[in-house]
file work.cif (mmCIF, C-alpha atoms and all ligand atoms)
data_target
loop_
_atom_site.group_PDB
_atom_site.id
_atom_site.type_symbol
_atom_site.label_atom_id
_atom_site.label_comp_id
_atom_site.auth_asym_id
_atom_site.auth_seq_id
_atom_site.Cartn_x
_atom_site.Cartn_y
_atom_site.Cartn_z
ATOM 1 C CA MET A 1 -51.349 158.582 115.941
ATOM 2 C CA PRO A 2 -47.770 159.527 115.018
ATOM 3 C CA ILE A 3 -47.248 162.557 112.782
ATOM 4 C CA ARG A 4 -46.524 161.309 109.229
ATOM 5 C CA VAL A 5 -43.533 163.046 107.691
ATOM 6 C CA CYS A 6 -42.227 163.215 104.123
ATOM 7 C CA LEU A 7 -38.578 164.343 104.042
ATOM 8 C CA ALA A 8 -37.075 165.830 100.867
ATOM 9 C CA GLY A 9 -33.282 165.765 101.003
ATOM 10 C CA ALA A 10 -33.269 162.788 103.387
ATOM 11 C CA THR A 11 -29.870 161.540 102.210
ATOM 12 C CA GLY A 12 -28.118 164.918 102.502
ATOM 13 C CA TRP A 13 -25.846 166.233 105.235
ATOM 14 C CA ALA A 14 -28.664 167.913 107.191
ATOM 15 C CA GLY A 15 -31.572 165.677 106.061
ATOM 16 C CA SER A 16 -29.888 162.368 106.970
ATOM 17 C CA GLU A 17 -29.200 163.566 110.534
ATOM 18 C CA LEU A 18 -32.831 164.669 110.816
ATOM 19 C CA ALA A 19 -34.029 161.285 109.469
ATOM 20 C CA ARG A 20 -32.017 159.541 112.219
ATOM 21 C CA GLY A 21 -33.514 161.956 114.750
ATOM 22 C CA ILE A 22 -37.042 161.117 113.546
ATOM 23 C CA ALA A 23 -36.271 157.370 113.802
ATOM 24 C CA ALA A 24 -35.439 157.886 117.478
ATOM 25 C CA THR A 25 -38.848 159.452 118.326
ATOM 26 C CA ASP A 26 -42.133 157.719 119.211
ATOM 27 C CA ASP A 27 -44.453 160.417 117.898
ATOM 28 C CA LEU A 28 -43.078 160.964 114.360
ATOM 29 C CA THR A 29 -42.889 158.480 111.493
ATOM 30 C CA LEU A 30 -41.218 158.913 108.098
ATOM 31 C CA VAL A 31 -43.553 157.755 105.321
ATOM 32 C CA ALA A 32 -41.511 158.880 102.295
ATOM 33 C CA ALA A 33 -38.127 160.369 101.440
ATOM 34 C CA VAL A 34 -36.730 162.223 98.405
ATOM 35 C CA SER A 35 -33.321 161.834 96.772
ATOM 36 C CA ARG A 36 -32.577 161.417 93.051
ATOM 37 C CA THR A 37 -29.427 159.354 93.654
ATOM 38 C CA TYR A 38 -31.018 156.768 95.978
ATOM 39 C CA ALA A 39 -34.523 156.571 94.435
ATOM 40 C CA GLY A 40 -35.909 153.033 94.580
ATOM 41 C CA HIS A 41 -34.024 152.092 97.767
ATOM 42 C CA SER A 42 -35.346 152.101 101.312
ATOM 43 C CA LEU A 43 -34.020 155.009 103.383
ATOM 44 C CA GLY A 44 -32.953 152.626 106.164
ATOM 45 C CA GLU A 45 -30.768 150.724 103.718
ATOM 46 C CA VAL A 46 -29.144 153.973 102.485
ATOM 47 C CA LEU A 47 -28.514 155.407 105.970
ATOM 48 C CA GLY A 48 -27.774 152.114 107.761
ATOM 49 C CA GLU A 49 -30.727 152.771 110.107
ATOM 50 C CA PRO A 50 -33.103 149.770 110.189
ATOM 51 C CA ARG A 51 -35.878 151.803 111.893
ATOM 52 C CA LEU A 52 -36.310 153.838 108.662
ATOM 53 C CA ALA A 53 -38.208 151.520 106.327
ATOM 54 C CA CYS A 54 -39.736 154.216 104.091
ATOM 55 C CA PRO A 55 -39.081 154.276 100.334
ATOM 56 C CA VAL A 56 -36.944 156.907 98.596
ATOM 57 C CA TYR A 57 -38.503 158.694 95.573
ATOM 58 C CA PRO A 58 -36.745 160.758 92.893
ATOM 59 C CA SER A 59 -39.062 163.769 93.272
ATOM 60 C CA ALA A 60 -41.247 165.421 95.888
ATOM 61 C CA VAL A 61 -44.338 165.012 93.694
ATOM 62 C CA GLU A 62 -43.852 161.212 93.607
ATOM 63 C CA ALA A 63 -43.085 161.033 97.352
ATOM 64 C CA LEU A 64 -46.211 163.090 98.116
ATOM 65 C CA ALA A 65 -48.426 160.344 96.652
ATOM 66 C CA ASN A 66 -47.994 158.924 100.199
ATOM 67 C CA ARG A 67 -50.312 160.806 102.569
ATOM 68 C CA CYS A 68 -48.316 162.892 105.020
ATOM 69 C CA ASP A 69 -49.107 165.473 107.684
ATOM 70 C CA VAL A 70 -45.841 167.407 107.382
ATOM 71 C CA PHE A 71 -43.495 167.825 104.418
ATOM 72 C CA VAL A 72 -39.916 168.798 105.301
ATOM 73 C CA GLU A 73 -37.929 170.632 102.615
ATOM 74 C CA TYR A 74 -34.164 170.103 102.979
ATOM 75 C CA THR A 75 -32.912 169.992 99.360
ATOM 76 C CA LYS A 76 -31.472 172.951 97.429
ATOM 77 C CA PRO A 77 -32.696 176.502 96.771
ATOM 78 C CA GLU A 78 -33.517 175.736 93.107
ATOM 79 C CA SER A 79 -35.906 172.863 93.938
ATOM 80 C CA ALA A 80 -37.278 174.152 97.252
ATOM 81 C CA LYS A 81 -40.104 176.455 96.138
ATOM 82 C CA GLY A 82 -41.644 173.920 93.716
ATOM 83 C CA ASN A 83 -41.510 171.210 96.391
ATOM 84 C CA ILE A 84 -43.149 173.435 99.010
ATOM 85 C CA LEU A 85 -45.999 174.444 96.678
ATOM 86 C CA ALA A 86 -46.550 170.797 95.665
ATOM 87 C CA ALA A 87 -46.808 169.814 99.337
ATOM 88 C CA LEU A 88 -49.273 172.621 100.159
ATOM 89 C CA GLU A 89 -51.431 171.683 97.156
ATOM 90 C CA ARG A 90 -51.648 168.158 98.604
ATOM 91 C CA GLY A 91 -52.741 169.392 102.025
ATOM 92 C CA ALA A 92 -49.502 168.993 103.987
ATOM 93 C CA HIS A 93 -48.056 171.492 106.437
ATOM 94 C CA VAL A 94 -44.463 172.391 105.550
ATOM 95 C CA VAL A 95 -41.213 172.857 107.481
ATOM 96 C CA VAL A 96 -38.517 174.598 105.428
ATOM 97 C CA GLY A 97 -34.865 174.083 106.340
ATOM 98 C CA THR A 98 -33.461 174.874 102.893
ATOM 99 C CA SER A 99 -31.807 178.265 102.645
ATOM 100 C CA GLY A 100 -31.760 180.621 99.647
ATOM 101 C CA LEU A 101 -35.487 181.378 99.260
ATOM 102 C CA THR A 102 -36.146 185.104 98.847
ATOM 103 C CA ASP A 103 -38.685 187.332 100.571
ATOM 104 C CA SER A 104 -40.749 187.329 97.366
ATOM 105 C CA ASP A 105 -40.655 183.485 97.273
ATOM 106 C CA PHE A 106 -42.007 183.485 100.824
ATOM 107 C CA ALA A 107 -44.698 186.022 99.915
ATOM 108 C CA ALA A 108 -45.899 183.735 97.077
ATOM 109 C CA ILE A 109 -45.774 180.663 99.349
ATOM 110 C CA ASP A 110 -47.688 182.550 102.061
ATOM 111 C CA GLU A 111 -50.530 183.264 99.654
ATOM 112 C CA VAL A 112 -50.887 179.576 98.724
ATOM 113 C CA ALA A 113 -50.542 178.421 102.353
ATOM 114 C CA ARG A 114 -53.255 180.812 103.586
ATOM 115 C CA LYS A 115 -55.653 179.693 100.865
ATOM 116 C CA ALA A 116 -54.980 176.055 101.794
ATOM 117 C CA GLU A 117 -55.156 176.896 105.543
ATOM 118 C CA ARG A 118 -51.820 175.214 106.119
ATOM 119 C CA GLY A 119 -48.762 176.307 108.096
ATOM 120 C CA VAL A 120 -45.261 176.849 106.720
ATOM 121 C CA LEU A 121 -42.485 177.203 109.284
ATOM 122 C CA ALA A 122 -39.230 178.339 107.678
ATOM 123 C CA CYS A 123 -36.039 178.437 109.718
ATOM 124 C CA GLY A 124 -32.780 179.402 108.012
ATOM 125 C CA ASN A 125 -31.079 177.829 111.008
ATOM 126 C CA PHE A 126 -32.673 175.458 113.524
ATOM 127 C CA ALA A 127 -29.838 175.710 116.082
ATOM 128 C CA LEU A 128 -30.903 177.013 119.504
ATOM 129 C CA THR A 129 -27.920 179.405 119.674
ATOM 130 C CA VAL A 130 -29.092 181.048 116.432
ATOM 131 C CA VAL A 131 -32.627 181.414 117.736
ATOM 132 C CA LEU A 132 -31.171 183.174 120.789
ATOM 133 C CA LEU A 133 -28.911 185.359 118.605
ATOM 134 C CA GLN A 134 -32.014 186.492 116.693
ATOM 135 C CA ARG A 135 -33.829 187.397 119.894
ATOM 136 C CA PHE A 136 -30.828 189.210 121.445
ATOM 137 C CA ALA A 137 -30.253 191.127 118.192
ATOM 138 C CA GLU A 138 -33.890 192.264 118.090
ATOM 139 C CA ALA A 139 -33.550 193.556 121.652
ATOM 140 C CA ALA A 140 -30.316 195.413 120.758
ATOM 141 C CA ALA A 141 -31.858 196.920 117.598
ATOM 142 C CA ARG A 142 -34.565 198.582 119.698
ATOM 143 C CA LEU A 143 -31.855 200.596 121.472
ATOM 144 C CA ILE A 144 -28.986 200.860 118.951
ATOM 145 C CA PRO A 145 -29.816 202.341 115.526
ATOM 146 C CA GLN A 146 -26.790 201.157 113.501
ATOM 147 C CA TRP A 147 -25.684 197.603 112.693
ATOM 148 C CA GLU A 148 -24.255 195.376 109.954
ATOM 149 C CA ILE A 149 -24.192 191.583 109.507
ATOM 150 C CA ILE A 150 -21.306 189.327 108.453
ATOM 151 C CA ASP A 151 -22.027 185.745 107.409
ATOM 152 C CA TYR A 152 -19.207 183.199 107.154
ATOM 153 C CA ALA A 153 -19.464 179.801 105.413
ATOM 154 C CA HIS A 154 -17.467 177.087 103.656
ATOM 155 C CA ASP A 155 -16.086 178.018 100.223
ATOM 156 C CA ASP A 156 -18.485 175.756 98.274
ATOM 157 C CA LYS A 157 -21.730 177.150 99.719
ATOM 158 C CA ILE A 158 -23.524 178.383 96.591
ATOM 159 C CA ASP A 159 -26.062 180.743 98.105
ATOM 160 C CA ALA A 160 -25.159 184.121 99.555
ATOM 161 C CA PRO A 161 -26.061 185.678 101.900
ATOM 162 C CA SER A 162 -26.899 182.628 104.024
ATOM 163 C CA GLY A 163 -30.481 181.859 105.035
ATOM 164 C CA THR A 164 -29.513 182.758 108.594
ATOM 165 C CA ALA A 165 -28.292 186.216 107.550
ATOM 166 C CA ARG A 166 -31.360 186.841 105.362
ATOM 167 C CA GLU A 167 -33.699 185.829 108.141
ATOM 168 C CA LEU A 168 -31.881 188.043 110.652
ATOM 169 C CA ALA A 169 -32.015 191.081 108.333
ATOM 170 C CA ALA A 170 -35.726 190.469 107.652
ATOM 171 C CA ARG A 171 -36.496 190.238 111.358
ATOM 172 C CA LEU A 172 -34.544 193.382 112.235
ATOM 173 C CA SER A 173 -36.360 195.343 109.515
ATOM 174 C CA LYS A 174 -39.532 194.796 111.556
ATOM 175 C CA VAL A 175 -37.868 196.428 114.574
ATOM 176 C CA ARG A 176 -36.602 199.455 112.601
ATOM 177 C CA GLU A 177 -34.673 200.465 109.494
ATOM 178 C CA PRO A 178 -31.003 200.792 110.475
ATOM 179 C CA GLU A 179 -29.493 204.243 110.116
ATOM 180 C CA ILE A 180 -26.517 204.618 107.802
ATOM 181 C CA THR A 181 -24.157 207.596 108.117
ATOM 182 C CA VAL A 182 -22.847 207.614 104.513
ATOM 183 C CA PRO A 183 -25.523 206.220 102.134
ATOM 184 C CA VAL A 184 -24.148 203.267 100.120
ATOM 185 C CA GLU A 185 -24.802 205.088 96.824
ATOM 186 C CA SER A 186 -22.558 207.950 98.043
ATOM 187 C CA THR A 187 -19.635 205.575 98.711
ATOM 188 C CA VAL A 188 -16.418 206.750 97.112
ATOM 189 C CA GLY A 189 -14.571 203.801 95.542
ATOM 190 C CA SER A 190 -16.243 200.395 95.115
ATOM 191 C CA ARG A 191 -19.879 200.269 96.268
ATOM 192 C CA GLU A 192 -19.697 196.448 96.441
ATOM 193 C CA ALA A 193 -17.267 196.785 99.329
ATOM 194 C CA ARG A 194 -20.228 197.944 101.456
ATOM 195 C CA GLY A 195 -21.935 194.577 100.940
ATOM 196 C CA ALA A 196 -25.494 193.748 99.860
ATOM 197 C CA SER A 197 -28.457 195.768 101.147
ATOM 198 C CA LEU A 198 -30.967 193.295 102.537
ATOM 199 C CA ALA A 199 -34.172 194.586 104.089
ATOM 200 C CA GLY A 200 -32.216 197.775 104.860
ATOM 201 C CA THR A 201 -29.226 196.027 106.476
ATOM 202 C CA GLN A 202 -25.730 195.839 104.933
ATOM 203 C CA VAL A 203 -24.733 192.147 104.765
ATOM 204 C CA HIS A 204 -21.243 190.833 103.960
ATOM 205 C CA SER A 205 -20.683 187.161 103.006
ATOM 206 C CA VAL A 206 -17.305 185.473 103.455
ATOM 207 C CA ARG A 207 -16.870 182.098 101.683
ATOM 208 C CA LEU A 208 -13.619 180.349 102.621
ATOM 209 C CA PRO A 209 -12.325 176.850 103.423
ATOM 210 C CA GLY A 210 -11.998 176.469 107.175
ATOM 211 C CA PHE A 211 -15.442 177.912 107.980
ATOM 212 C CA VAL A 212 -18.582 175.852 108.590
ATOM 213 C CA ILE A 213 -21.403 178.335 109.311
ATOM 214 C CA SER A 214 -21.095 181.445 111.465
ATOM 215 C CA VAL A 215 -23.067 184.640 111.651
ATOM 216 C CA GLU A 216 -22.086 187.834 113.373
ATOM 217 C CA ILE A 217 -24.006 191.039 113.947
ATOM 218 C CA ILE A 218 -22.171 194.184 114.991
ATOM 219 C CA PHE A 219 -24.009 197.087 116.599
ATOM 220 C CA GLY A 220 -22.018 200.330 116.616
ATOM 221 C CA MET A 221 -22.454 203.474 118.708
ATOM 222 C CA PRO A 222 -19.989 206.286 119.293
ATOM 223 C CA ASP A 223 -17.073 204.795 121.260
ATOM 224 C CA GLN A 224 -18.816 201.451 121.900
ATOM 225 C CA LYS A 225 -19.655 198.271 119.977
ATOM 226 C CA LEU A 226 -21.662 195.153 120.647
ATOM 227 C CA THR A 227 -20.920 191.939 118.700
ATOM 228 C CA ILE A 228 -23.228 188.916 118.873
ATOM 229 C CA ARG A 229 -21.918 185.821 117.096
ATOM 230 C CA HIS A 230 -22.967 182.225 116.530
ATOM 231 C CA ASP A 231 -20.581 179.490 115.331
ATOM 232 C CA SER A 232 -21.608 175.944 114.477
ATOM 233 C CA GLY A 233 -19.302 172.949 114.349
ATOM 234 C CA SER A 234 -18.991 170.445 111.528
ATOM 235 C CA SER A 235 -21.837 168.035 112.418
ATOM 236 C CA ALA A 236 -25.521 168.568 111.554
ATOM 237 C CA ARG A 237 -26.528 167.655 115.139
ATOM 238 C CA PRO A 238 -27.357 171.251 116.233
ATOM 239 C CA TYR A 239 -30.193 171.424 113.680
ATOM 240 C CA VAL A 240 -32.040 168.241 114.670
ATOM 241 C CA ASP A 241 -33.868 169.230 117.869
ATOM 242 C CA GLY A 242 -35.111 172.495 116.376
ATOM 243 C CA ALA A 243 -36.357 170.732 113.233
ATOM 244 C CA LEU A 244 -38.176 168.078 115.318
ATOM 245 C CA LEU A 245 -39.877 170.835 117.300
ATOM 246 C CA ALA A 246 -40.878 172.588 114.054
ATOM 247 C CA ILE A 247 -42.419 169.348 112.695
ATOM 248 C CA ARG A 248 -44.416 168.889 115.912
ATOM 249 C CA LYS A 249 -45.695 172.492 115.995
ATOM 250 C CA VAL A 250 -46.212 173.543 112.358
ATOM 251 C CA SER A 251 -49.815 172.286 112.249
ATOM 252 C CA THR A 252 -50.722 174.984 114.818
ATOM 253 C CA LEU A 253 -49.868 177.690 112.238
ATOM 254 C CA VAL A 254 -51.496 179.104 109.102
ATOM 255 C CA GLY A 255 -49.383 180.860 106.447
ATOM 256 C CA VAL A 256 -45.632 181.439 106.451
ATOM 257 C CA HIS A 257 -43.843 181.972 109.759
ATOM 258 C CA ARG A 258 -40.098 182.570 109.804
ATOM 259 C CA GLY A 259 -37.915 181.602 112.732
ATOM 260 C CA LEU A 260 -38.253 178.850 115.305
ATOM 261 C CA ASP A 261 -39.267 181.316 117.985
ATOM 262 C CA SER A 262 -42.708 181.494 116.306
ATOM 263 C CA VAL A 263 -43.327 178.219 118.174
ATOM 264 C CA LEU A 264 -40.936 178.640 121.141
ATOM 265 C CA ASP A 265 -41.798 180.248 124.439
ATOM 266 C CA ILE A 266 -38.807 182.627 124.806
HETATM 267 N N1 LIG B 301 -32.213 175.295 108.501
HETATM 268 C C1 LIG B 301 -31.107 174.766 108.983
HETATM 269 O O1 LIG B 301 -30.886 174.695 110.197
HETATM 270 C C2 LIG B 301 -30.103 174.197 108.010
HETATM 271 C C3 LIG B 301 -29.046 173.403 108.461
HETATM 272 C C4 LIG B 301 -28.196 172.846 107.510
HETATM 273 C C5 LIG B 301 -28.392 173.077 106.147
HETATM 274 N N2 LIG B 301 -29.411 173.892 105.753
HETATM 275 C C6 LIG B 301 -29.730 174.105 104.324
HETATM 276 O O2 LIG B 301 -30.395 172.908 103.881
HETATM 277 C C7 LIG B 301 -30.129 172.685 102.492
HETATM 278 C C8 LIG B 301 -29.507 171.300 102.323
HETATM 279 O O3 LIG B 301 -28.204 171.316 102.871
HETATM 280 P P1 LIG B 301 -27.278 170.016 102.940
HETATM 281 O O4 LIG B 301 -25.960 170.482 103.402
HETATM 282 O O5 LIG B 301 -27.977 168.923 103.674
HETATM 283 O O6 LIG B 301 -27.185 169.626 101.376
HETATM 284 P P2 LIG B 301 -26.751 168.220 100.729
HETATM 285 O O7 LIG B 301 -25.887 167.446 101.649
HETATM 286 O O8 LIG B 301 -26.226 168.528 99.370
HETATM 287 O O9 LIG B 301 -28.128 167.430 100.588
HETATM 288 C C9 LIG B 301 -29.135 167.798 99.674
HETATM 289 C C10 LIG B 301 -30.205 166.706 99.658
HETATM 290 O O10 LIG B 301 -31.240 167.116 98.784
HETATM 291 C C11 LIG B 301 -31.388 166.170 97.707
HETATM 292 N N3 LIG B 301 -31.650 166.958 96.493
HETATM 293 C C12 LIG B 301 -30.913 167.987 96.007
HETATM 294 N N4 LIG B 301 -31.481 168.492 94.887
HETATM 295 C C13 LIG B 301 -32.595 167.768 94.671
HETATM 296 C C14 LIG B 301 -33.619 167.807 93.665
HETATM 297 N N5 LIG B 301 -33.585 168.685 92.657
HETATM 298 N N6 LIG B 301 -34.626 166.920 93.775
HETATM 299 C C15 LIG B 301 -34.667 166.017 94.760
HETATM 300 N N7 LIG B 301 -33.719 165.921 95.741
HETATM 301 C C16 LIG B 301 -32.701 166.798 95.689
HETATM 302 C C17 LIG B 301 -30.037 165.444 97.666
HETATM 303 O O11 LIG B 301 -30.163 164.141 97.128
HETATM 304 P P3 LIG B 301 -29.852 163.862 95.563
HETATM 305 O O12 LIG B 301 -28.694 164.712 95.155
HETATM 306 O O13 LIG B 301 -29.575 162.404 95.531
HETATM 307 O O14 LIG B 301 -31.103 164.234 94.839
HETATM 308 C C18 LIG B 301 -29.726 165.354 99.171
HETATM 309 O O15 LIG B 301 -30.493 164.332 99.772
HETATM 310 C C19 LIG B 301 -29.219 173.846 102.059
HETATM 311 O O16 LIG B 301 -30.020 174.878 101.539
HETATM 312 C C20 LIG B 301 -28.579 174.300 103.383
HETATM 313 O O17 LIG B 301 -28.150 175.640 103.333
HETATM 314 C C21 LIG B 301 -30.263 174.451 106.653
#
call {"tool": "encode", "arguments": {"input": "work.cif", "output": "structure tokens"}}
result
Amino acid sequence: MPIRVCLAGATGWAGSELARGIAATDDLTLVAAVSRTYAGHSLGEVLGEPRLACPVYPSAVEALANRCDVFVEYTKPESAKGNILAALERGAHVVVGTSGLTDSDFAAIDEVARKAERGVLACGNFALTVVLLQRFAEAAARLIPQWEIIDYAHDDKIDAPSGTARELAARLSKVREPEITVPVESTVGSREARGASLAGTQVHSVRLPGFVISVEIIFGMPDQKLTIRHDSGSSARPYVDGALLAIRKVSTLVGVHRGLDSVLDI
């Protein structure tokens, strides 16, 4: 039996590429899609992909009237949490691609998911090179006590820091709290210039035309530095394979798990 998927944000930049990726598999089938603009149409008609016959609904609640095994959230930060909780209440496992959810959002979602005995796999970035950056950074943090993160994105990205930067800071906080030589509150001048403190890490967000999505972590030691950086291009292709893997594996989890490496053998 193929895994039945409901995809919220199926007409968006990332969601439409994922929908095409699902159409190309034998083991996944899209049963419903969400987009306010294209509600009432078939997704195949909207995306020019005849293999996607599922209807488009204006809300996740309406789309979830179709039974699905996995709900994929790929809309916007302001609608994401409500959609995820609605899916869990209806017995679906959830893959979260949308960025901008906070640690306290995830704590609330975790509580509901554990009660429902369902898995939630949240990846701020499904690209393999980001998954590797996370792993390499965790290894570096075990040996180097000081680091900061810079996240770069297009000028119209509304959330800051990016999901990728948040996830990285959260993961590193489990390795250790980074040391800071001059505490931010003792900064002379403008405190904001030291960035946001996220799970103990200073994070700086650059939003300018010319960038797509990049994230950089700099580890500093006396007289030596290590920089690990990921850059993605302008297509949503890098996110498809990771999202397909997450859809296939999320039913093996219970509660919230962050990062694709929860289901990858690396
Ligand atoms: N995890 C990853 O690897 C990854 C990769 C790329 C992007 N992202 C994140 O994924 C999210 C989507 O990015 P995107 O670039 O694809 O955005 P986008 O192109 O603006 O697409 C958003 C999609 O969500 C739908 N939508 C938005 N608000 C909605 C609402 N209130 N109710 C129902 N549908 C709604 C939109 O359709 P309508 O406007 O017609 O409703 C559209 O289909 C962002 O948070 C982004 O940062 C994550």
call {"tool": "atom_distance", "arguments": {"input": "work.cif", "atom1": "CA of Leu18 in chain A", "atom2": "CA of Leu52 in chain A"}}
result
11.6 Å
call {"tool": "residues_near_ligand", "arguments": {"input": "work.cif", "ligand": "ligand LIG 301 (chain B)", "cutoff": "8 Å", "atoms": "only C-alpha atoms and all ligand atoms", "output": "PyMOL selection string"}}
result
chain A and resi 8-16+34-39+58-60+73-79+96-100+122-127+157+159+162-164+236+238-240+242-243
call {"tool": "closest_residue", "arguments": {"input": "work.cif", "among": "A:Asp241, A:Asp103, A:Asp231, A:Glu167", "to": "Ile22 in chain A", "atoms": "only C-alpha atoms"}}
result
A:Asp241
call {"tool": "residues_around", "arguments": {"input": "work.cif", "residues": "Ile149 in chain A", "least_positions_apart": "3", "cutoff": "10 Å", "atoms": "all atoms listed in the file", "output": "count of residues only"}}
result
21
call {"tool": "resolve_selection", "arguments": {"input": "work.cif", "expression": "the PyMOL selection byres (((chain A and resi 254) around 10) and not hetatm)", "output": "list in words"}}
result
His93, Asp110, Ala113, Arg114, Lys115, Ala116, Glu117, Arg118, Gly119, Val120, Leu121, Val250, Ser251, Thr252, Leu253, Gly255, Val256 and His257 of chain A
call {"tool": "resolve_selection", "arguments": {"input": "work.cif", "expression": "the PyMOL selection byres (((chain A and resi 42-44) around 6) and not hetatm)", "output": "PyMOL selection string"}}
result
chain A and resi 41+45-50+52-56
call {"tool": "residues_around", "arguments": {"input": "work.cif", "residues": "range 175-192 of chain A", "least_positions_apart": "3", "cutoff": "7 Å", "atoms": "only C-alpha atoms", "output": "short mmCIF file (atom, residue, chain, number, x, y, z; two decimals) with C-alpha atoms, in the frame of the given file"}}
result
data_model
loop_
_atom_site.label_atom_id
_atom_site.label_comp_id
_atom_site.auth_asym_id
_atom_site.auth_seq_id
_atom_site.Cartn_x
_atom_site.Cartn_y
_atom_site.Cartn_z
CA GLU A 138 -33.89 192.26 118.09
CA ALA A 141 -31.86 196.92 117.60
CA ARG A 142 -34.56 198.58 119.70
CA PRO A 145 -29.82 202.34 115.53
CA GLN A 146 -26.79 201.16 113.50
CA TRP A 147 -25.68 197.60 112.69
CA LEU A 172 -34.54 193.38 112.24
CA GLY A 195 -21.94 194.58 100.94
CA GLY A 200 -32.22 197.78 104.86
CA THR A 201 -29.23 196.03 106.48
#
call {"tool": "closest_residue", "arguments": {"input": "work.cif", "among": "A:His154, A:His230, A:Arg4, A:Arg207", "to": "Ala137 in chain A", "atoms": "only C-alpha atoms"}}
result
A:His230
call {"tool": "axis_aligned_box", "arguments": {"input": "work.cif", "around": "range 23-31 of chain A", "padding_each_side": "6 Å", "output": "JSON"}}
result
{"center_x": -39.9, "center_y": 159.2, "center_z": 112.3, "size_x": 21.0, "size_y": 15.6, "size_z": 25.9}
call {"tool": "atom_distance", "arguments": {"input": "work.cif", "atom1": "CA of Gly259 in chain A", "atom2": "CA of Thr129 in chain A"}}
result
12.4 Å
call {"tool": "atom_distance", "arguments": {"input": "work.cif", "atom1": "CA of Ile84 in chain A", "atom2": "CA of Asn66 in chain A"}}
result
15.3 Å
call {"tool": "residues_around", "arguments": {"input": "work.cif", "residues": "Val72 in chain A", "least_positions_apart": "2", "cutoff": "6 Å", "atoms": "all atoms listed in the file", "output": "PyMOL selection string"}}
result
chain A and resi 7+94-96
call {"tool": "resolve_selection", "arguments": {"input": "work.cif", "expression": "the PyMOL selection byres (((chain A and resi 155) around 12) and not hetatm)", "output": "list of chain:residue names"}}
result
A:Tyr152, A:Ala153, A:His154, A:Asp156, A:Lys157, A:Ile158, A:Asp159, A:Ala160, A:Ser205, A:Val206, A:Arg207, A:Leu208, A:Pro209, A:Gly210, A:Phe211, A:Val212, A:Ile213
call {"tool": "residues_around", "arguments": {"input": "work.cif", "residues": "Ile3 in chain A", "least_positions_apart": "3", "cutoff": "8 Å", "atoms": "all atoms listed in the file", "output": "list in words"}}
result
Asp27, Leu28, Thr29, Cys68, Asp69, Val70 and Arg248 of chain A
call {"tool": "write_last_selection", "arguments": {"input": "work.cif", "atoms": "C-alpha atoms", "output": "PDB file, in the frame of the given file"}}
result
ATOM      1  CA  ASP A  27     -44.453 160.417 117.898  1.00  0.00           C
ATOM      2  CA  LEU A  28     -43.078 160.964 114.360  1.00  0.00           C
ATOM      3  CA  THR A  29     -42.889 158.480 111.493  1.00  0.00           C
ATOM      4  CA  CYS A  68     -48.316 162.892 105.020  1.00  0.00           C
ATOM      5  CA  ASP A  69     -49.107 165.473 107.684  1.00  0.00           C
ATOM      6  CA  VAL A  70     -45.841 167.407 107.382  1.00  0.00           C
ATOM      7  CA  ARG A 248     -44.416 168.889 115.912  1.00  0.00           C
TER       8      ARG A 248
END
call {"tool": "residues_around", "arguments": {"input": "work.cif", "residues": "Cys6 in chain A", "least_positions_apart": "4", "cutoff": "6 Å", "atoms": "all atoms listed in the file", "output": "ChimeraX atom specification"}}
result
/A:30-33,71
